[in-house]
$ cat input04.cif   # mmCIF, C-alpha atoms
data_upload
#
loop_
_atom_site.label_atom_id
_atom_site.label_comp_id
_atom_site.auth_asym_id
_atom_site.auth_seq_id
_atom_site.Cartn_x
_atom_site.Cartn_y
_atom_site.Cartn_z
CA MET R 1 32.79 -17.82 3.83
CA GLY R 2 32.40 -14.71 1.62
CA LEU R 3 29.32 -13.41 -0.15
CA ASN R 4 28.66 -14.97 -3.54
CA PHE R 5 25.66 -13.86 -5.57
CA GLU R 6 24.54 -12.36 -8.88
CA HIS R 7 22.20 -9.37 -8.85
CA THR R 8 20.43 -7.53 -11.67
CA THR R 9 19.13 -3.99 -11.18
CA LEU R 10 16.52 -2.92 -13.73
CA GLY R 11 16.96 0.47 -15.36
CA GLN R 12 14.03 2.80 -14.77
CA ARG R 13 13.37 6.49 -14.11
CA VAL R 14 11.32 7.29 -10.99
CA LEU R 15 9.71 10.69 -10.39
CA PHE R 16 8.21 11.09 -6.91
CA GLY R 17 6.27 14.12 -5.73
CA THR R 18 2.81 14.83 -4.34
CA GLY R 19 0.90 17.16 -6.66
CA ARG R 20 3.55 16.82 -9.38
CA ALA R 21 2.04 14.10 -11.62
CA GLY R 22 0.77 16.41 -14.37
CA ALA R 23 3.99 18.39 -14.67
CA ASN R 24 6.14 15.27 -14.49
CA LEU R 25 4.05 13.52 -17.15
CA ALA R 26 4.32 16.45 -19.54
CA ALA R 27 8.07 16.63 -19.02
CA GLU R 28 8.53 12.91 -19.65
CA VAL R 29 6.42 12.88 -22.81
CA ALA R 30 8.52 15.77 -24.12
CA ARG R 31 11.76 14.06 -23.10
CA LEU R 32 10.78 10.87 -24.93
CA GLY R 33 9.69 12.83 -28.01
CA ALA R 34 6.33 11.04 -28.22
CA LYS R 35 3.74 12.32 -30.69
CA ARG R 36 0.98 9.67 -30.50
CA VAL R 37 0.15 8.86 -26.86
CA MET R 38 -2.32 6.20 -25.75
CA VAL R 39 -3.63 6.77 -22.21
CA ILE R 40 -4.89 3.56 -20.58
CA SER R 41 -7.15 3.92 -17.57
CA SER R 42 -10.48 2.60 -16.34
CA ALA R 43 -13.42 4.88 -17.06
CA SER R 44 -13.69 5.96 -13.43
CA GLU R 45 -9.96 6.59 -13.07
CA ALA R 46 -9.88 8.48 -16.37
CA ARG R 47 -12.41 10.98 -15.05
CA ARG R 48 -10.56 11.33 -11.77
CA LEU R 49 -7.16 11.77 -13.42
CA ALA R 50 -8.27 14.08 -16.20
CA ALA R 51 -6.30 16.98 -14.75
CA VAL R 52 -3.11 14.93 -14.98
CA THR R 53 -3.56 13.64 -18.54
CA ASP R 54 -4.84 17.03 -19.76
CA SER R 55 -1.22 18.15 -19.48
CA ILE R 56 -0.37 16.23 -22.67
CA SER R 57 -1.79 15.73 -26.17
CA VAL R 58 -3.56 12.35 -26.24
CA ALA R 59 -4.16 10.43 -29.46
CA LEU R 60 -6.25 7.71 -27.82
CA HIS R 61 -7.99 7.33 -24.46
CA TYR R 62 -8.52 3.62 -23.76
CA ASP R 63 -10.61 2.25 -20.87
CA ASP R 64 -11.38 -1.41 -21.65
CA VAL R 65 -9.49 -2.71 -18.61
CA ALA R 66 -10.12 -5.93 -16.67
CA PRO R 67 -8.39 -7.81 -13.82
CA HIS R 68 -5.82 -10.49 -14.71
CA VAL R 69 -5.59 -9.15 -18.32
CA PRO R 70 -7.70 -11.55 -20.42
CA VAL R 71 -5.94 -12.40 -23.68
CA LYS R 72 -8.86 -11.18 -25.82
CA LYS R 73 -8.74 -7.76 -24.18
CA ALA R 74 -4.99 -7.63 -24.68
CA GLU R 75 -5.38 -8.41 -28.39
CA LYS R 76 -8.06 -5.75 -28.76
CA ALA R 77 -5.85 -3.15 -27.05
CA ARG R 78 -2.86 -4.08 -29.21
CA ALA R 79 -4.97 -3.61 -32.34
CA ALA R 80 -6.14 -0.20 -31.11
CA ALA R 81 -2.54 0.87 -30.51
CA SER R 82 -1.53 -0.23 -33.99
CA GLU R 83 -4.52 1.39 -35.74
CA ASN R 84 -3.83 4.70 -33.99
CA ARG R 85 -0.07 4.60 -34.70
CA ILE R 86 0.72 4.93 -31.00
CA ASP R 87 4.34 5.62 -30.02
CA LEU R 88 3.96 5.84 -26.21
CA LEU R 89 1.72 4.15 -23.63
CA VAL R 90 0.67 5.98 -20.46
CA CYS R 91 -1.10 3.78 -17.91
CA ALA R 92 -2.77 5.50 -14.96
CA GLY R 93 -4.44 3.41 -12.28
CA GLY R 94 -3.97 0.09 -10.50
CA GLY R 95 -2.33 -3.20 -11.38
CA SER R 96 -4.90 -4.18 -14.01
CA THR R 97 -4.24 -0.99 -15.94
CA THR R 98 -0.48 -1.46 -15.75
CA GLY R 99 -0.95 -5.09 -16.75
CA LEU R 100 -2.80 -4.14 -19.92
CA ALA R 101 -0.10 -1.65 -20.89
CA LYS R 102 2.48 -4.41 -20.38
CA ALA R 103 0.47 -6.78 -22.57
CA ILE R 104 0.56 -4.21 -25.38
CA ALA R 105 4.29 -3.55 -24.90
CA LEU R 106 5.03 -7.28 -24.90
CA THR R 107 4.26 -7.53 -28.62
CA THR R 108 4.63 -3.94 -29.84
CA ARG R 109 7.77 -3.01 -27.79
CA LEU R 110 6.22 0.42 -27.13
CA PRO R 111 7.59 2.35 -24.12
CA ILE R 112 5.40 2.80 -21.04
CA ILE R 113 5.01 5.63 -18.53
CA ALA R 114 3.21 4.30 -15.45
CA ILE R 115 1.25 6.44 -12.99
CA PRO R 116 0.14 4.06 -10.21
CA THR R 117 -2.77 4.94 -7.95
CA THR R 118 -2.56 1.78 -5.81
CA TYR R 119 0.29 -0.12 -4.16
CA ALA R 120 0.32 -3.07 -6.57
CA GLY R 121 3.95 -2.52 -7.58
CA SER R 122 3.59 -3.87 -11.12
CA GLU R 123 4.98 -0.59 -12.44
CA ALA R 124 8.46 -1.44 -11.15
CA THR R 125 8.74 -4.99 -12.50
CA ASN R 126 9.43 -6.60 -15.87
CA VAL R 127 6.83 -9.29 -15.17
CA TRP R 128 3.74 -9.64 -17.38
CA GLY R 129 0.61 -11.75 -16.91
CA LEU R 130 -2.21 -12.87 -19.21
CA THR R 131 -5.27 -15.01 -18.55
CA GLU R 132 -6.96 -17.36 -21.01
CA ALA R 133 -9.41 -20.21 -20.39
CA SER R 134 -9.19 -19.64 -16.62
CA ARG R 135 -5.42 -20.09 -16.56
CA LYS R 136 -2.98 -17.28 -15.83
CA THR R 137 0.37 -17.26 -17.59
CA THR R 138 3.21 -15.03 -16.43
CA GLY R 139 6.59 -14.24 -17.90
CA VAL R 140 9.53 -11.87 -17.77
CA ASP R 141 10.50 -9.46 -20.54
CA ASP R 142 12.41 -6.20 -20.12
CA ALA R 143 10.23 -4.63 -22.83
CA VAL R 144 7.28 -4.48 -20.42
CA LEU R 145 9.20 -2.59 -17.72
CA PRO R 146 7.91 1.01 -17.74
CA VAL R 147 10.65 3.44 -18.73
CA THR R 148 9.32 5.93 -16.18
CA VAL R 149 7.18 5.67 -13.06
CA ILE R 150 5.44 8.78 -11.75
CA TYR R 151 4.40 8.58 -8.10
CA ASP R 152 2.00 11.15 -6.69
CA ALA R 153 0.41 10.39 -3.32
CA GLY R 154 -2.38 12.83 -4.08
CA LEU R 155 -3.70 10.46 -6.73
CA SER R 156 -4.18 7.68 -4.18
CA LEU R 157 -6.13 9.77 -1.64
CA GLY R 158 -9.39 8.57 -3.17
CA LEU R 159 -8.48 4.90 -2.84
CA PRO R 160 -10.91 3.43 -0.26
CA VAL R 161 -9.32 2.35 3.01
CA GLU R 162 -10.32 -1.30 2.51
CA LEU R 163 -8.69 -1.45 -0.91
CA SER R 164 -5.67 0.52 0.35
CA VAL R 165 -5.19 -2.12 3.05
CA ALA R 166 -5.46 -5.03 0.62
CA SER R 167 -3.21 -3.35 -1.94
CA GLY R 168 -0.63 -2.50 0.72
CA LEU R 169 -0.58 -6.09 1.96
CA ASN R 170 -0.06 -7.18 -1.64
CA ALA R 171 3.05 -4.97 -1.64
CA LEU R 172 4.11 -6.53 1.66
CA ALA R 173 3.80 -9.94 0.02
CA HIS R 174 6.29 -8.81 -2.64
CA CYS R 175 8.74 -8.09 0.17
CA VAL R 176 8.25 -11.43 1.89
CA ASP R 177 8.41 -13.48 -1.31
CA SER R 178 11.62 -11.66 -2.28
CA LEU R 179 13.38 -13.16 0.72
CA TRP R 180 13.04 -16.72 -0.61
CA GLY R 181 12.42 -16.19 -4.32
CA PRO R 182 14.48 -18.09 -6.90
CA ARG R 183 17.07 -15.28 -7.17
CA ALA R 184 17.00 -13.99 -3.58
CA ASP R 185 20.18 -12.15 -2.61
CA PRO R 186 21.39 -9.69 0.07
CA ILE R 187 20.47 -6.62 -2.01
CA ASN R 188 16.91 -7.83 -2.50
CA ALA R 189 16.75 -8.64 1.21
CA ALA R 190 17.79 -5.11 2.18
CA LEU R 191 15.21 -3.55 -0.12
CA ALA R 192 12.50 -5.92 1.09
CA ALA R 193 13.20 -5.25 4.75
CA GLU R 194 13.00 -1.49 4.24
CA GLY R 195 9.80 -2.01 2.25
CA ILE R 196 8.24 -3.95 5.15
CA ARG R 197 9.29 -1.25 7.60
CA ALA R 198 7.75 1.50 5.46
CA LEU R 199 4.50 -0.37 4.81
CA ASN R 200 4.16 -1.33 8.49
CA LEU R 201 4.15 2.38 9.31
CA ALA R 202 2.16 3.54 6.28
CA LEU R 203 -0.87 1.27 6.32
CA PRO R 204 -2.02 2.02 9.90
CA ALA R 205 -1.51 5.73 9.12
CA ILE R 206 -3.75 5.42 6.05
CA LYS R 207 -6.42 3.63 8.05
CA ALA R 208 -6.34 6.29 10.77
CA HIS R 209 -6.05 9.31 8.44
CA PRO R 210 -7.05 8.24 4.91
CA VAL R 211 -6.95 11.74 3.38
CA GLU R 212 -3.55 12.71 4.76
CA PRO R 213 -0.82 12.33 2.10
CA SER R 214 2.03 11.36 4.47
CA GLY R 215 0.85 7.77 4.96
CA ARG R 216 0.13 7.45 1.25
CA GLU R 217 3.64 8.66 0.40
CA GLN R 218 5.20 6.05 2.67
CA ALA R 219 2.99 3.36 1.15
CA LEU R 220 4.07 4.27 -2.39
CA TYR R 221 7.70 4.31 -1.27
CA GLY R 222 7.34 0.90 0.37
CA ALA R 223 5.46 -0.52 -2.60
CA TYR R 224 8.20 0.61 -4.97
CA LEU R 225 10.95 -0.98 -2.86
CA ALA R 226 8.89 -4.16 -2.63
CA ALA R 227 8.45 -4.34 -6.38
CA VAL R 228 12.13 -3.69 -7.12
CA ALA R 229 13.13 -6.48 -4.75
CA PHE R 230 10.52 -8.81 -6.22
CA ALA R 231 11.53 -8.08 -9.82
CA SER R 232 15.09 -9.12 -9.00
CA ALA R 233 14.37 -12.06 -6.69
CA GLY R 234 11.60 -13.62 -8.76
CA SER R 235 8.24 -15.08 -7.89
CA GLY R 236 8.13 -17.33 -4.81
CA MET R 237 5.56 -19.68 -3.33
CA HIS R 238 3.15 -16.94 -2.29
CA HIS R 239 2.80 -15.43 -5.75
CA LYS R 240 2.51 -18.78 -7.48
CA ILE R 241 -0.45 -19.61 -5.26
CA CYS R 242 -2.12 -16.26 -5.88
CA HIS R 243 -1.56 -16.32 -9.65
CA VAL R 244 -3.31 -19.67 -9.92
CA LEU R 245 -6.21 -18.60 -7.69
CA GLY R 246 -6.68 -15.35 -9.56
CA GLY R 247 -6.53 -16.86 -13.04
CA ALA R 248 -8.50 -20.03 -12.39
CA TYR R 249 -11.23 -18.67 -10.12
CA ASN R 250 -11.22 -14.94 -10.94
CA LEU R 251 -10.49 -13.93 -7.35
CA PRO R 252 -9.66 -10.26 -6.70
CA HIS R 253 -5.91 -9.71 -6.89
CA ALA R 254 -5.14 -7.58 -3.83
CA GLN R 255 -7.50 -9.33 -1.41
CA THR R 256 -6.21 -12.76 -2.43
CA HIS R 257 -2.63 -11.70 -1.70
CA ALA R 258 -3.67 -10.18 1.63
CA ILE R 259 -5.33 -13.43 2.71
CA ILE R 260 -2.68 -15.88 1.52
CA LEU R 261 0.34 -14.02 2.93
CA PRO R 262 0.18 -15.08 6.62
CA HIS R 263 -0.39 -18.71 5.64
CA VAL R 264 2.70 -18.85 3.43
CA LEU R 265 4.74 -17.01 6.06
CA ALA R 266 3.69 -19.52 8.72
CA TYR R 267 4.53 -22.39 6.38
CA ASN R 268 7.99 -21.20 5.31
CA ALA R 269 9.31 -19.16 8.26
CA PRO R 270 10.54 -22.08 10.43
CA TYR R 271 12.63 -23.29 7.48
CA ALA R 272 14.10 -19.88 6.57
CA ALA R 273 15.69 -18.50 9.74
CA GLY R 274 17.53 -15.63 8.05
CA ALA R 275 14.45 -14.42 6.19
CA GLU R 276 12.29 -14.84 9.29
CA SER R 277 14.68 -12.74 11.37
CA ARG R 278 14.75 -9.95 8.78
CA ILE R 279 10.97 -9.84 8.57
CA ALA R 280 10.60 -9.83 12.37
CA ALA R 281 13.15 -7.01 12.71
CA ALA R 282 11.39 -4.95 10.07
CA PHE R 283 8.12 -5.34 11.97
CA GLY R 284 9.87 -4.67 15.28
CA SER R 285 8.55 -7.94 16.69
CA ALA R 286 10.04 -11.06 18.23
CA ARG R 287 8.69 -13.25 15.44
CA ALA R 288 7.77 -12.45 11.85
CA LEU R 289 4.31 -14.00 12.08
CA ASP R 290 3.55 -12.04 15.27
CA GLY R 291 4.43 -8.79 13.50
CA LEU R 292 2.23 -9.60 10.53
CA HIS R 293 -0.66 -10.68 12.76
CA ALA R 294 -0.43 -7.42 14.73
CA LEU R 295 -0.50 -5.36 11.54
CA ARG R 296 -3.41 -7.32 10.08
CA LYS R 297 -5.37 -6.90 13.32
CA THR R 298 -4.81 -3.13 13.27
CA LEU R 299 -5.93 -2.98 9.64
CA ASP R 300 -8.86 -5.40 9.96
CA ALA R 301 -7.37 -7.11 6.91
CA PRO R 302 -9.25 -9.55 4.63
CA LYS R 303 -9.32 -12.99 6.23
CA ALA R 304 -11.15 -15.63 4.17
CA LEU R 305 -11.10 -16.62 0.51
CA LYS R 306 -14.71 -17.78 0.83
CA ASP R 307 -15.65 -14.10 1.15
CA TYR R 308 -14.18 -13.36 -2.29
CA GLY R 309 -15.61 -16.11 -4.45
CA LEU R 310 -13.57 -19.27 -3.90
CA ALA R 311 -15.74 -22.40 -3.56
CA GLU R 312 -14.59 -25.03 -1.09
CA GLU R 313 -14.90 -27.75 -3.73
CA ASN R 314 -12.27 -25.92 -5.82
CA ILE R 315 -9.53 -26.48 -3.23
CA PRO R 316 -8.29 -29.92 -4.37
CA GLU R 317 -8.08 -28.76 -8.00
CA ALA R 318 -6.36 -25.53 -6.98
CA ALA R 319 -3.73 -27.43 -4.99
CA ARG R 320 -2.99 -29.67 -7.98
CA LEU R 321 -2.64 -26.65 -10.27
CA ILE R 322 -0.37 -24.79 -7.84
CA LEU R 323 2.07 -27.59 -6.99
CA PRO R 324 4.00 -27.68 -10.32
CA ALA R 325 4.50 -23.89 -10.14
CA ILE R 326 6.18 -23.84 -6.71
CA PRO R 327 9.87 -22.90 -7.19
CA ILE R 328 12.42 -25.53 -6.23
CA SER R 329 14.12 -22.76 -4.23
CA ASN R 330 11.28 -22.69 -1.70
CA PRO R 331 12.86 -23.25 1.73
CA ARG R 332 10.40 -26.00 2.60
CA LYS R 333 9.30 -28.98 0.52
CA VAL R 334 5.69 -28.58 -0.62
CA THR R 335 3.18 -31.37 -1.24
CA VAL R 336 -0.34 -31.28 -2.63
CA ASP R 337 -1.63 -32.20 0.85
CA ASP R 338 0.25 -29.25 2.34
CA LEU R 339 -1.32 -26.93 -0.22
CA GLN R 340 -4.80 -28.28 0.41
CA GLU R 341 -4.39 -27.70 4.14
CA LEU R 342 -3.05 -24.18 3.58
CA LEU R 343 -5.90 -23.33 1.20
CA ARG R 344 -8.54 -24.73 3.58
CA HIS R 345 -7.28 -22.45 6.35
CA ALA R 346 -7.21 -19.50 3.95
CA TYR R 347 -10.67 -20.39 2.70
CA SER R 348 -12.21 -20.42 6.17
CA GLY R 349 -10.17 -17.51 7.54
CA THR R 350 -8.42 -19.51 10.26
CA ALA R 351 -5.45 -17.49 11.55
CA PRO R 352 -2.26 -19.50 10.94
CA ARG R 353 -0.06 -20.46 13.86
CA LEU R 354 3.33 -22.15 13.95
CA ALA R 355 3.00 -25.84 14.83
CA PRO R 356 4.95 -27.02 17.93
CA GLU R 357 7.46 -28.87 15.75
CA ASP R 358 7.94 -25.73 13.64
CA LEU R 359 8.51 -23.63 16.74
CA GLY R 360 11.20 -26.10 17.79
CA ARG R 361 12.81 -25.93 14.37
CA ARG R 362 12.78 -22.12 14.45
CA LEU R 363 14.46 -22.02 17.88
CA SER R 364 17.07 -24.53 16.78
CA LYS R 365 17.92 -22.59 13.62
CA THR R 366 18.06 -19.30 15.52
CA LYS R 367 20.45 -20.74 18.13
CA GLN R 368 22.66 -22.17 15.39
CA ARG R 369 22.76 -18.84 13.56
CA LEU R 370 23.67 -16.96 16.72
CA LYS R 371 26.39 -19.50 17.48
CA THR R 372 27.82 -19.09 13.98
CA GLN R 373 27.78 -15.30 14.29
CA ALA R 374 29.60 -15.51 17.63
CA ILE R 375 32.34 -17.60 16.06
#
$ encode --input "input04.cif" --output "structure tokens"
Amino acid sequence: MGLNFEHTTLGQRVLFGTGRAGANLAAEVARLGAKRVMVISSASEARRLAAVTDSISVALHYDDVAPHVPVKKAEKARAAASENRIDLLVCAGGGSTTGLAKAIALTTRLPIIAIPTTYAGSEATNVWGLTEASRKTTGVDDAVLPVTVIYDAGLSLGLPVELSVASGLNALAHCVDSLWGPRADPINAALAAEGIRALNLALPAIKAHPVEPSGREQALYGAYLAAVAFASAGSGMHHKICHVLGGAYNLPHAQTHAIILPHVLAYNAPYAAGAESRIAAAFGSARALDGLHALRKTLDAPKALKDYGLAEENIPEAARLILPAIPISNPRKVTVDDLQELLRHAYSGTAPRLAPEDLGRRLSKTKQRLKTQAI
């Protein structure tokens, strides 16, 4: 039986080079012919990245940035862009900064240059997100895809190790979700597997040597591959859970992803033998979950949602909110009871393990796949 799939590759310019952000930004602004540039960055990041943005003429510096992009902040930023006759957005910072730039571009259709300083990956996707009344809405629009991404590992050297770990595991979640997202295909799978391999090497290197650029470069590379795969494959079970938790309960983005990932992997892996094998191979482990557990142990990764603001009494409501968002493509049927159990383990920080019946299913699927390959 031959391959049969449809794949979309998003068009985007990527400039990668440690110590090159300022020069690359100036060149891109000139190439795009922009005259009225709005630089979006948090106040702290703006001070830290002044040497980069000083390379261009800036019409407006904007720092009113918040996680999950509240609608009111998006509307305020859109008004500022209009009042200042902005013709180009430059966002420098993490996912919240990129998210605000996307919110502006969603209605104004202004081009974006993204300069990421974390491993969130939003810079390489056409996905936007807005939060209103404790509910996060996401969508897809090619207008929010940055026209250019400028990667410079030197700009992430100041990212604390704990946040680097959480952000890197968020990128790893993009890889994993890409293997069973609604539009998963062999190209996404190849990108995701290479992303896992790169991040599995990069994150321990960052923890051991946080001010060395080599680990940071590999993390940015892995995060980019993860985001490209995710943008094509679409949002799977993991991201639907995290979007609801972040929007409804204002949980921190990266840490929430880092905590939820092993629980979703344990839930889906026995029902997705091909994806499980790819993930395991990328980790260099016998089983995907073993590889992820080993990495998380090395990194001392975030473990429990209770440590980041989720109340136990919110779990039943959260499960009900999440269930309608789970894609029908998920390899395993999901019930509200399943989600409650998963969230209770994530809340308490219980390390997920494959149930005996799931282990049996995994072995059966693996044997069947090997038999098919032999034929």
$ resolve_selection --input "input04.cif" --expression "the PyMOL selection byres ((chain R and resi 309-319) around 7)" --output "count of residues only"
15
$ closest_residue --input "input04.cif" --among "R:Ala229, R:Val264, R:Val165, R:Leu25" --to "R:Cys242" --atoms "only C-alpha atoms"
R:Val264
$ resolve_selection --input "input04.cif" --expression "the PyMOL selection byres ((chain R and resi 3-11) around 7)" --output "list in words"
Met1, Gly2, Gln12, Asp185 and Ser232 of chain R
$ closest_residue --input "input04.cif" --among "R:Cys175, R:Ala79, R:Val211, R:Leu201" --to "R:Arg278" --atoms "only C-alpha atoms"
R:Cys175
$ residues_around --input "input04.cif" --residues "stretch 301-304 of chain R" --least-positions-apart "4" --cutoff "6 Å" --atoms "only C-alpha atoms" --output "PyMOL selection string"
chain R and resi 259+296+346-349
$ resolve_selection --input "input04.cif" --expression "the PyMOL selection byres ((chain R and resi 80) around 12)" --output "ChimeraX atom specification"
/R:37-40,59-64,73-79,81-86,89,101,104,108
$ axis_aligned_box --input "input04.cif" --around "stretch 220-225 of chain R" --padding-each-side "3 Å" --output "JSON"
{"center_x": 7.5, "center_y": 1.7, "center_z": -2.3, "size_x": 12.9, "size_y": 11.3, "size_z": 11.3}
$ atom_distance --input "input04.cif" --atom1 "atom CA of R:Ala193" --atom2 "atom CA of R:Ser277"
10.1 Å
$ residues_around --input "input04.cif" --residues "R:Leu261" --least-positions-apart "6" --cutoff "10 Å" --atoms "all atoms listed in the file" --output "list in words"
Leu169, Asn170, Leu172, Ala173, His174, Val176, Asp177, Met237, His238, His239, Ile241, Cys242, Tyr267, Leu289, Leu292 and Ala346 of chain R
$ closest_residue --input "input04.cif" --among "R:Thr137, R:Asn24, R:Ser178, R:Thr98" --to "R:Ala226" --atoms "all atoms listed in the file"
R:Ser178
$ closest_residue --input "input04.cif" --among "R:Gly154, R:Gly33, R:Gly168, R:Pro331" --to "R:Ala184" --atoms "all atoms listed in the file"
R:Pro331
$ residues_around --input "input04.cif" --residues "R:Val65" --least-positions-apart "5" --cutoff "7 Å" --atoms "only C-alpha atoms" --output "VMD selection string"
chain R and resid 42 96 to 97 100
$ write_last_selection --input "input04.cif" --atoms "C-alpha atoms" --output "PDB file, keeping the file's coordinate frame"
ATOM      1  CA  SER R  42     -10.480   2.600 -16.340  1.00  0.00           C
ATOM      2  CA  SER R  96      -4.900  -4.180 -14.010  1.00  0.00           C
ATOM      3  CA  THR R  97      -4.240  -0.990 -15.940  1.00  0.00           C
ATOM      4  CA  LEU R 100      -2.800  -4.140 -19.920  1.00  0.00           C
TER       5      LEU R 100
END
$ residues_around --input "input04.cif" --residues "R:Ala294" --least-positions-apart "5" --cutoff "10 Å" --atoms "all atoms listed in the file" --output "MDAnalysis selection string"
chainID R and resid 200 283 285 289 299:300
$ atom_distance --input "input04.cif" --atom1 "atom CA of R:Ile279" --atom2 "atom CA of R:Leu191"
11.5 Å
